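Source file: target-v7.cif; contents: mmCIF, C-alpha atoms.
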data_structure
#
loop_
_atom_site.label_atom_id
_atom_site.label_comp_id
_atom_site.auth_asym_id
_atom_site.auth_seq_id
_atom_site.Cartn_x
_atom_site.Cartn_y
_atom_site.Cartn_z
CA MET A 1 -30.18 1.58 34.21
CA ILE A 2 -27.02 1.32 32.06
CA ASN A 3 -24.28 -0.92 33.43
CA LEU A 4 -20.71 0.34 33.21
CA ASP A 5 -17.82 -1.29 31.40
CA LYS A 6 -14.87 -1.97 33.73
CA LYS A 7 -12.49 -0.02 31.48
CA ASP A 8 -14.79 3.00 31.43
CA LEU A 9 -15.18 2.78 35.21
CA LYS A 10 -11.41 2.82 35.71
CA LEU A 11 -11.03 5.87 33.48
CA ARG A 12 -13.84 7.64 35.33
CA ILE A 13 -12.28 6.81 38.69
CA LYS A 14 -8.93 8.11 37.47
CA ASP A 15 -10.48 11.47 36.57
CA LEU A 16 -12.29 11.65 39.91
CA TYR A 17 -9.11 10.77 41.79
CA ASP A 18 -7.21 13.56 40.04
CA GLU A 19 -9.90 15.87 41.38
CA ALA A 20 -9.97 14.36 44.88
CA ILE A 21 -6.20 14.37 45.47
CA ASN A 22 -6.10 18.08 44.67
CA GLY A 23 -9.15 18.88 46.82
CA ASP A 24 -9.75 19.56 50.49
CA ASN A 25 -12.43 16.96 51.26
CA LEU A 26 -10.43 14.03 52.60
CA ASP A 27 -13.49 11.79 52.82
CA SER A 28 -13.66 11.93 49.02
CA ILE A 29 -10.53 9.74 48.87
CA ILE A 30 -12.15 7.10 51.07
CA ALA A 31 -15.44 7.42 49.20
CA LEU A 32 -13.73 6.83 45.86
CA ASP A 33 -12.15 3.65 47.19
CA ILE A 34 -15.63 2.55 48.26
CA VAL A 35 -16.81 3.00 44.66
CA LYS A 36 -13.80 1.18 43.24
CA SER A 37 -13.76 -1.73 45.66
CA ILE A 38 -17.47 -2.43 46.10
CA SER A 39 -18.07 -2.14 42.34
CA GLY A 40 -15.20 -4.55 41.80
CA ILE A 41 -16.98 -7.35 43.66
CA ASP A 42 -18.89 -8.03 40.43
CA ILE A 43 -16.65 -6.32 37.90
CA ASN A 44 -18.47 -7.76 34.88
CA ASN A 45 -21.84 -6.42 35.99
CA ILE A 46 -21.17 -2.97 37.44
CA ASN A 47 -24.13 -1.11 38.88
CA PRO A 48 -23.61 2.68 38.45
CA LYS A 49 -25.40 3.42 41.74
CA LEU A 50 -22.24 3.94 43.79
CA LEU A 51 -20.56 6.05 41.14
CA ASP A 52 -23.67 8.24 40.95
CA TRP A 53 -23.62 8.54 44.74
CA TYR A 54 -20.00 9.69 44.66
CA VAL A 55 -20.52 12.24 41.88
CA SER A 56 -23.56 13.69 43.66
CA ASN A 57 -21.79 14.06 47.00
CA TYR A 58 -18.09 14.59 46.28
CA SER A 59 -17.34 15.61 42.70
CA THR A 60 -16.67 19.32 42.20
CA ASN A 61 -16.13 19.13 38.43
CA GLN A 62 -12.90 21.07 38.80
CA ALA A 63 -10.42 19.70 36.28
CA GLU A 64 -7.62 22.15 37.01
CA GLN A 65 -4.70 20.62 38.91
CA SER A 66 -2.01 22.19 41.01
CA ASN A 67 1.59 21.58 40.00
CA ALA A 68 3.43 18.80 41.81
CA ALA A 69 6.53 20.05 43.62
CA LYS A 70 9.74 19.30 41.69
CA PHE A 71 13.35 20.08 42.55
CA ASP A 72 16.35 20.31 40.24
CA LYS A 73 19.33 19.98 42.56
CA ILE A 74 19.93 16.32 43.40
CA PRO A 75 21.61 15.79 46.80
CA GLU A 76 24.55 13.41 47.16
CA ALA A 77 22.54 11.20 49.52
CA ILE A 78 18.85 10.87 50.21
CA SER A 79 17.10 8.39 52.48
CA PHE A 80 13.89 7.63 54.32
CA PHE A 81 15.75 8.69 57.47
CA ASN A 82 16.07 12.20 56.00
CA LEU A 83 12.37 12.22 55.12
CA GLU A 84 11.35 11.04 58.59
CA ASN A 85 13.37 13.80 60.25
CA CYS A 86 11.83 16.45 58.00
CA LEU A 87 8.33 15.22 58.89
CA LEU A 88 9.06 15.06 62.62
CA GLU A 89 10.51 18.58 62.52
CA LYS A 90 7.59 19.84 60.38
CA LYS A 91 9.86 21.01 57.57
CA HIS A 92 7.32 21.05 54.78
CA ASN A 93 9.39 22.16 51.79
CA GLN A 94 12.34 19.97 52.76
CA ALA A 95 9.98 16.98 53.10
CA LEU A 96 8.60 17.62 49.61
CA GLU A 97 12.15 17.78 48.29
CA CYS A 98 13.02 14.46 49.97
CA VAL A 99 9.91 12.88 48.48
CA TYR A 100 10.72 14.14 45.01
CA HIS A 101 14.27 12.79 45.04
CA LEU A 102 13.19 9.49 46.60
CA SER A 103 10.58 9.12 43.86
CA VAL A 104 13.36 9.39 41.27
CA VAL A 105 15.44 6.56 42.78
CA SER A 106 12.76 4.30 44.29
CA GLU A 107 9.27 3.03 43.52
CA GLY A 108 6.51 5.34 44.70
CA ARG A 109 4.71 2.48 46.44
CA GLN A 110 7.70 2.06 48.77
CA ILE A 111 7.39 5.70 49.79
CA LEU A 112 3.64 5.30 50.36
CA GLU A 113 4.34 2.30 52.60
CA PHE A 114 6.74 4.48 54.58
CA PHE A 115 3.97 7.07 54.98
CA ILE A 116 1.54 4.37 56.18
CA GLU A 117 4.05 3.26 58.81
CA PHE A 118 4.89 6.82 59.88
CA SER A 119 1.25 7.89 60.15
CA LEU A 120 0.26 4.75 62.09
CA LYS A 121 3.09 5.38 64.52
CA TYR A 122 2.85 9.12 65.03
CA THR A 123 -0.65 10.38 64.12
CA ASP A 124 -4.19 9.74 65.33
CA ASN A 125 -5.98 9.03 62.06
CA VAL A 126 -3.96 10.28 59.07
CA TYR A 127 -3.16 6.68 58.22
CA ARG A 128 -6.82 6.23 57.17
CA TYR A 129 -6.38 8.59 54.24
CA ILE A 130 -2.86 7.50 53.34
CA TRP A 131 -3.98 3.86 53.21
CA TYR A 132 -6.64 4.69 50.64
CA ILE A 133 -4.22 6.84 48.66
CA PHE A 134 -1.96 3.80 48.54
CA ARG A 135 -4.83 1.59 47.38
CA MET A 136 -5.85 4.06 44.69
CA GLN A 137 -2.29 4.21 43.35
CA VAL A 138 -2.16 0.41 43.13
CA PHE A 139 -5.45 0.47 41.22
CA LEU A 140 -4.34 3.27 38.91
CA ASP A 141 -0.93 1.71 38.20
CA SER A 142 0.91 4.48 40.06
CA LYS A 143 -0.48 7.26 37.88
CA THR A 144 -0.50 10.69 39.61
CA MET A 145 2.03 9.25 42.08
CA LEU A 146 3.87 12.50 42.82
CA PHE A 147 0.58 14.31 43.54
CA SER A 148 -0.30 11.50 45.93
CA LEU A 149 3.07 11.57 47.69
CA ASN A 150 2.85 15.35 48.12
CA LYS A 151 -0.66 14.97 49.55
CA CYS A 152 0.70 12.55 52.15
CA VAL A 153 3.33 15.09 53.16
CA ASP A 154 0.65 17.78 53.50
CA LEU A 155 -1.55 15.51 55.63
CA ILE A 156 1.27 14.57 58.00
CA ILE A 157 2.74 18.06 58.33
CA SER A 158 -0.69 19.52 59.15
CA SER A 159 -1.46 16.87 61.81
CA ASP A 160 -0.55 16.69 65.47
CA LEU A 161 2.25 14.20 66.07
CA ASN A 162 2.32 11.81 69.01
CA LEU A 163 5.93 10.96 69.78
CA ASN A 164 5.25 8.60 72.69
CA LEU A 165 7.28 5.41 72.48
CA TYR A 166 5.36 2.22 71.87
CA GLN A 167 5.42 -0.20 74.80
CA ASN A 168 3.47 -3.26 73.57
CA LEU A 169 5.15 -4.15 70.30
CA ASN A 170 4.09 -7.67 69.36
CA ASN A 171 3.24 -8.80 65.85
CA ASN A 172 1.40 -11.95 66.97
CA ILE A 173 -2.21 -10.92 67.52
CA ASN A 174 -5.16 -13.16 68.32
CA TRP A 175 -7.65 -11.21 66.25
CA VAL A 176 -10.67 -13.09 67.55
CA ASP A 177 -10.02 -11.45 70.93
CA TYR A 178 -10.75 -8.10 69.25
CA LEU A 179 -13.17 -8.97 66.44
CA SER A 180 -15.64 -10.90 68.59
CA PHE A 181 -16.57 -7.98 70.87
CA GLU A 182 -18.37 -4.68 70.36
CA THR A 183 -16.28 -1.61 69.70
CA LYS A 184 -17.11 2.07 69.40
CA ASP A 185 -14.80 2.33 66.40
CA VAL A 186 -15.52 -0.64 64.14
CA ASN A 187 -14.03 1.12 61.12
CA SER A 188 -10.64 1.46 62.77
CA LEU A 189 -10.75 -2.15 63.93
CA LEU A 190 -11.54 -3.51 60.46
CA LEU A 191 -9.10 -1.15 58.75
CA LEU A 192 -6.27 -2.20 61.06
CA TYR A 193 -7.16 -5.83 60.39
CA SER A 194 -6.95 -5.22 56.64
CA ILE A 195 -3.59 -3.45 56.84
CA TYR A 196 -2.23 -6.14 59.17
CA ASN A 197 -3.17 -8.93 56.76
CA THR A 198 -2.08 -7.22 53.53
CA GLU A 199 1.27 -8.39 52.19
CA LEU A 200 3.53 -5.33 52.25
CA THR A 201 7.27 -4.74 52.23
CA ARG A 202 7.01 -3.11 55.67
CA SER A 203 4.59 -5.70 57.09
CA ILE A 204 6.80 -6.73 60.03
CA ALA A 205 7.13 -3.17 61.33
CA LEU A 206 3.48 -2.39 60.59
CA LYS A 207 2.21 -5.42 62.49
CA LYS A 208 4.11 -4.36 65.60
CA ILE A 209 2.67 -0.85 65.45
CA ILE A 210 -0.85 -2.19 64.84
CA SER A 211 -0.56 -4.36 67.96
CA GLU A 212 -0.08 -1.13 69.93
CA ARG A 213 -2.93 0.58 68.09
CA LEU A 214 -5.32 -2.16 69.20
CA PHE A 215 -4.67 -1.30 72.84
CA ARG A 216 -6.12 2.15 72.17
CA LEU A 217 -9.40 0.92 70.72
CA GLU A 218 -12.43 0.87 72.98
CA ILE A 219 -13.30 -2.83 72.91
CA VAL A 220 -16.33 -3.60 75.07
CA LYS A 221 -15.35 -6.98 76.48
CA ALA A 222 -18.64 -7.22 78.35
CA ASN A 223 -20.57 -7.30 75.04
CA LYS A 224 -19.71 -10.29 72.90
CA LEU A 225 -21.23 -10.23 69.43
CA ASP A 226 -23.84 -12.82 68.48
CA GLN A 227 -22.43 -14.93 65.65
CA LEU A 228 -25.67 -16.93 65.53
CA ASN A 229 -27.19 -13.85 63.91
CA ILE A 230 -25.21 -14.43 60.70
CA SER A 231 -27.60 -15.22 57.85
CA ALA A 232 -27.32 -18.19 55.51
CA SER A 233 -27.19 -15.83 52.54
CA GLN A 234 -24.17 -14.03 53.99
CA LEU A 235 -22.29 -17.30 54.37
CA LYS A 236 -23.33 -18.45 50.89
CA LEU A 237 -22.73 -15.23 48.96
CA GLY A 238 -19.73 -13.93 50.87
CA ARG A 239 -18.64 -10.44 49.81
CA LYS A 240 -21.29 -10.38 47.07
CA TRP A 241 -23.86 -10.09 49.86
CA ILE A 242 -22.38 -6.65 50.64
CA LEU A 243 -22.77 -5.57 47.02
CA ASN A 244 -26.37 -6.83 46.92
CA PHE A 245 -27.17 -5.05 50.18
CA ILE A 246 -25.92 -1.73 48.81
CA ASN A 247 -27.65 -2.15 45.46
CA ASN A 248 -30.97 -2.86 47.19
CA HIS A 249 -30.94 0.00 49.72
CA GLU A 250 -31.43 3.70 49.15
CA ASN A 251 -29.87 6.63 51.01
CA LEU A 252 -26.93 4.74 52.47
CA LYS A 253 -24.67 7.11 54.41
CA PHE A 254 -20.91 7.46 54.19
CA ASP A 255 -20.28 5.84 57.61
CA ILE A 256 -22.10 2.62 56.83
CA LEU A 257 -20.58 2.43 53.34
CA GLU A 258 -17.13 2.83 54.89
CA THR A 259 -17.91 0.02 57.33
CA LEU A 260 -19.14 -2.27 54.56
CA ASN A 261 -16.07 -1.52 52.46
CA ASN A 262 -13.70 -2.21 55.35
CA ALA A 263 -15.62 -5.41 56.09
CA ARG A 264 -15.34 -6.42 52.43
CA SER A 265 -11.57 -6.04 52.58
CA SER A 266 -11.39 -7.87 55.92
CA LEU A 267 -13.44 -10.80 54.62
CA MET A 268 -11.21 -11.06 51.56
CA LEU A 269 -8.13 -11.21 53.80
CA SER A 270 -9.61 -13.28 56.65
CA ARG A 271 -7.41 -16.18 57.72
CA SER A 272 -10.02 -18.47 59.27
CA SER A 273 -13.74 -19.16 59.32
CA GLU A 274 -13.77 -17.98 62.94
CA GLU A 275 -12.35 -14.59 62.03
CA ALA A 276 -14.72 -14.32 59.05
CA GLY A 277 -17.66 -15.12 61.34
CA CYS A 278 -16.59 -12.34 63.69
CA ILE A 279 -16.40 -9.89 60.78
CA TRP A 280 -19.95 -10.78 59.70
CA ALA A 281 -21.07 -10.29 63.29
CA GLN A 282 -19.46 -6.83 63.27
CA ILE A 283 -21.36 -5.98 60.06
CA ASN A 284 -24.70 -7.13 61.45
CA ASN A 285 -24.11 -5.21 64.66
CA GLN A 286 -23.87 -1.99 62.59
CA LEU A 287 -26.83 -2.53 60.27
#
Using the file provided, produce a representation of the structure as structure tokens.
Amino acid sequence: MINLDKKDLKLRIKDLYDEAINGDNLDSIIALDIVKSISGIDINNINPKLLDWYVSNYSTNQAEQSNAAKFDKIPEAISFFNLENCLLEKKHNQALECVYHLSVVSEGRQILEFFIEFSLKYTDNVYRYIWYIFRMQVFLDSKTMLFSLNKCVDLIISSDLNLNLYQNLNNNINWVDYLSFETKDVNSLLLLYSIYNTELTRSIALKKIISERLFRLEIVKANKLDQLNISASQLKLGRKWILNFINNHENLKFDILETLNNARSSLMLSRSSEEAGCIWAQINNQL
């Protein structure tokens, strides 16, 4: 087995992302973040197992890219309000034009944060993909940004929008009340936890929307998770335990890898030993 150099891994991930962002398999975007993030737990000793898994299951070896939409005429005024209206009214070309002009006058990451907020507020699950697009752009130093922004527009325009007003907006969440019980959608729970605890420009607005999202999750209050089941090695190794688990198991499926990756992020961002204990309990309940 030949270990990968971190520079070579980043270049390989960049090529694979170029392919994924122009493809139709949305899970490939999440899968590539799994490769990037889990491999990064021990960046100086990278096991190629996850990269091989990705290439076998998601790479199409299609290098040809579509052209990112560009527009010559610059309007007198452009704003996120204009972009939001275009998305709500499903005006695809106008939304692409708004994105292009906003990308000229503002940082692409700000636009991606807007898309995260919009998709959390108005769509069922598009935020999952946009969040990982955001993470990939941070990793790749905003390379292929316009392709990524256009992909976000495509994802939102093609989704069903839920325009119901939020009723339970509160950015103060006792996460233990959610993390300590079984849920039928552990990936959404851990992903929302990660977004909530990531420092973002739009964090205040995002936290309020996430508080509403949590009301929609099926939390089984009758089934409290057993935190006594957490192993000593998990507490000692921390996130490296996740990497070791993956390296020592064959035929791991996408769903469990997604859970482990979301748990990795949640553990990194956990604010207390109690919350971290609940996250480990969620992992063990899935394995």
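With the shown file loaded, the PyMOL selection byres ((chain A and resi 34) around 10) picks out Ser28, Ile29, Ile30, Ala31, Leu32, Asp33, Val35, Lys36, Ser37, Ile38, Ser39, Gly40, Leu50, Leu51, Tyr54, Tyr132, Phe254, Leu257, Glu258, Thr259, Leu260, Asn261, Asn262 and Arg264 of chain A.
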Worksheet item: In Å, how far is it from atom CA of A:Phe134 to atom CA of A:Gly108?
Response: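 Interatomic distance here is 9.4 Å.
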Worksheet item: Between atom CA of A:Asn162 and atom CA of A:Ile210, what is the distance, to one decimal in Å?
Response: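 Taking atom CA of A:Asn162 as the start and atom CA of A:Ile210 as the end point, the length is 14.9 Å.
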Discussion item. Evaluate the PyMOL selection byres ((chain A and resi 115) around 9) against this structure - the residues, as a VMD selection string, please.
Written reply: chain A and resid 110 to 114 116 to 120 127 130 to 131 149 152 to 153 156
Practice prompt. Report the distance between atom CA of A:Asn251 and atom CA of A:Ser56 in Å, rounded to one decimal place.
Written response: 12.0 Å
Practice prompt. Compare A:Glu275, A:Glu19, A:Asp8, A:Glu89 by their minimum atom-to-atom distance to A:Leu190, counting all atoms listed in the file, and give me the closest one.
Written response: A:Glu275
Take stretch 219-235 of chain A, model N, CA and C atoms, and hand the result over as a PDB file, keeping the file's coordinate frame.
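After the write, part-v5.pdb holds the following:
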ATOM      1  N   ILE A 219     -12.650  -1.537  73.084  1.00  0.00           N
ATOM      2  CA  ILE A 219     -13.300  -2.830  72.910  1.00  0.00           C
ATOM      3  C   ILE A 219     -14.140  -3.124  74.141  1.00  0.00           C
ATOM      4  N   VAL A 220     -15.414  -3.368  73.942  1.00  0.00           N
ATOM      5  CA  VAL A 220     -16.330  -3.600  75.070  1.00  0.00           C
ATOM      6  C   VAL A 220     -16.379  -5.104  75.356  1.00  0.00           C
ATOM      7  N   LYS A 221     -15.476  -5.553  76.217  1.00  0.00           N
ATOM      8  CA  LYS A 221     -15.350  -6.980  76.480  1.00  0.00           C
ATOM      9  C   LYS A 221     -16.607  -7.573  77.120  1.00  0.00           C
ATOM     10  N   ALA A 222     -17.428  -6.724  77.714  1.00  0.00           N
ATOM     11  CA  ALA A 222     -18.640  -7.220  78.350  1.00  0.00           C
ATOM     12  C   ALA A 222     -19.709  -7.593  77.312  1.00  0.00           C
ATOM     13  N   ASN A 223     -19.560  -7.085  76.074  1.00  0.00           N
ATOM     14  CA  ASN A 223     -20.570  -7.300  75.040  1.00  0.00           C
ATOM     15  C   ASN A 223     -19.995  -8.113  73.892  1.00  0.00           C
ATOM     16  N   LYS A 224     -20.166  -9.421  73.968  1.00  0.00           N
ATOM     17  CA  LYS A 224     -19.710 -10.290  72.900  1.00  0.00           C
ATOM     18  C   LYS A 224     -20.764 -10.338  71.801  1.00  0.00           C
ATOM     19  N   LEU A 225     -20.310 -10.264  70.556  1.00  0.00           N
ATOM     20  CA  LEU A 225     -21.230 -10.230  69.430  1.00  0.00           C
ATOM     21  C   LEU A 225     -21.852 -11.606  69.181  1.00  0.00           C
ATOM     22  N   ASP A 226     -23.086 -11.591  68.717  1.00  0.00           N
ATOM     23  CA  ASP A 226     -23.840 -12.820  68.480  1.00  0.00           C
ATOM     24  C   ASP A 226     -23.559 -13.331  67.064  1.00  0.00           C
ATOM     25  N   GLN A 227     -22.741 -14.376  66.963  1.00  0.00           N
ATOM     26  CA  GLN A 227     -22.430 -14.930  65.650  1.00  0.00           C
ATOM     27  C   GLN A 227     -23.555 -15.826  65.136  1.00  0.00           C
ATOM     28  N   LEU A 228     -24.519 -16.154  65.986  1.00  0.00           N
ATOM     29  CA  LEU A 228     -25.670 -16.930  65.530  1.00  0.00           C
ATOM     30  C   LEU A 228     -26.587 -16.091  64.655  1.00  0.00           C
ATOM     31  N   ASN A 229     -26.360 -14.775  64.672  1.00  0.00           N
ATOM     32  CA  ASN A 229     -27.190 -13.850  63.910  1.00  0.00           C
ATOM     33  C   ASN A 229     -26.760 -13.749  62.446  1.00  0.00           C
ATOM     34  N   ILE A 230     -25.695 -14.462  62.069  1.00  0.00           N
ATOM     35  CA  ILE A 230     -25.210 -14.430  60.700  1.00  0.00           C
ATOM     36  C   ILE A 230     -26.175 -15.204  59.812  1.00  0.00           C
ATOM     37  N   SER A 231     -26.608 -14.585  58.704  1.00  0.00           N
ATOM     38  CA  SER A 231     -27.600 -15.220  57.850  1.00  0.00           C
ATOM     39  C   SER A 231     -26.962 -16.246  56.910  1.00  0.00           C
ATOM     40  N   ALA A 232     -27.791 -17.174  56.455  1.00  0.00           N
ATOM     41  CA  ALA A 232     -27.320 -18.190  55.510  1.00  0.00           C
ATOM     42  C   ALA A 232     -26.869 -17.558  54.204  1.00  0.00           C
ATOM     43  N   SER A 233     -27.561 -16.491  53.788  1.00  0.00           N
ATOM     44  CA  SER A 233     -27.190 -15.830  52.540  1.00  0.00           C
ATOM     45  C   SER A 233     -25.826 -15.147  52.646  1.00  0.00           C
ATOM     46  N   GLN A 234     -25.487 -14.636  53.812  1.00  0.00           N
ATOM     47  CA  GLN A 234     -24.170 -14.030  53.990  1.00  0.00           C
ATOM     48  C   GLN A 234     -23.075 -15.078  53.844  1.00  0.00           C
ATOM     49  N   LEU A 235     -23.285 -16.234  54.457  1.00  0.00           N
ATOM     50  CA  LEU A 235     -22.290 -17.300  54.370  1.00  0.00           C
ATOM     51  C   LEU A 235     -22.194 -17.854  52.945  1.00  0.00           C
TER      52      LEU A 235
END
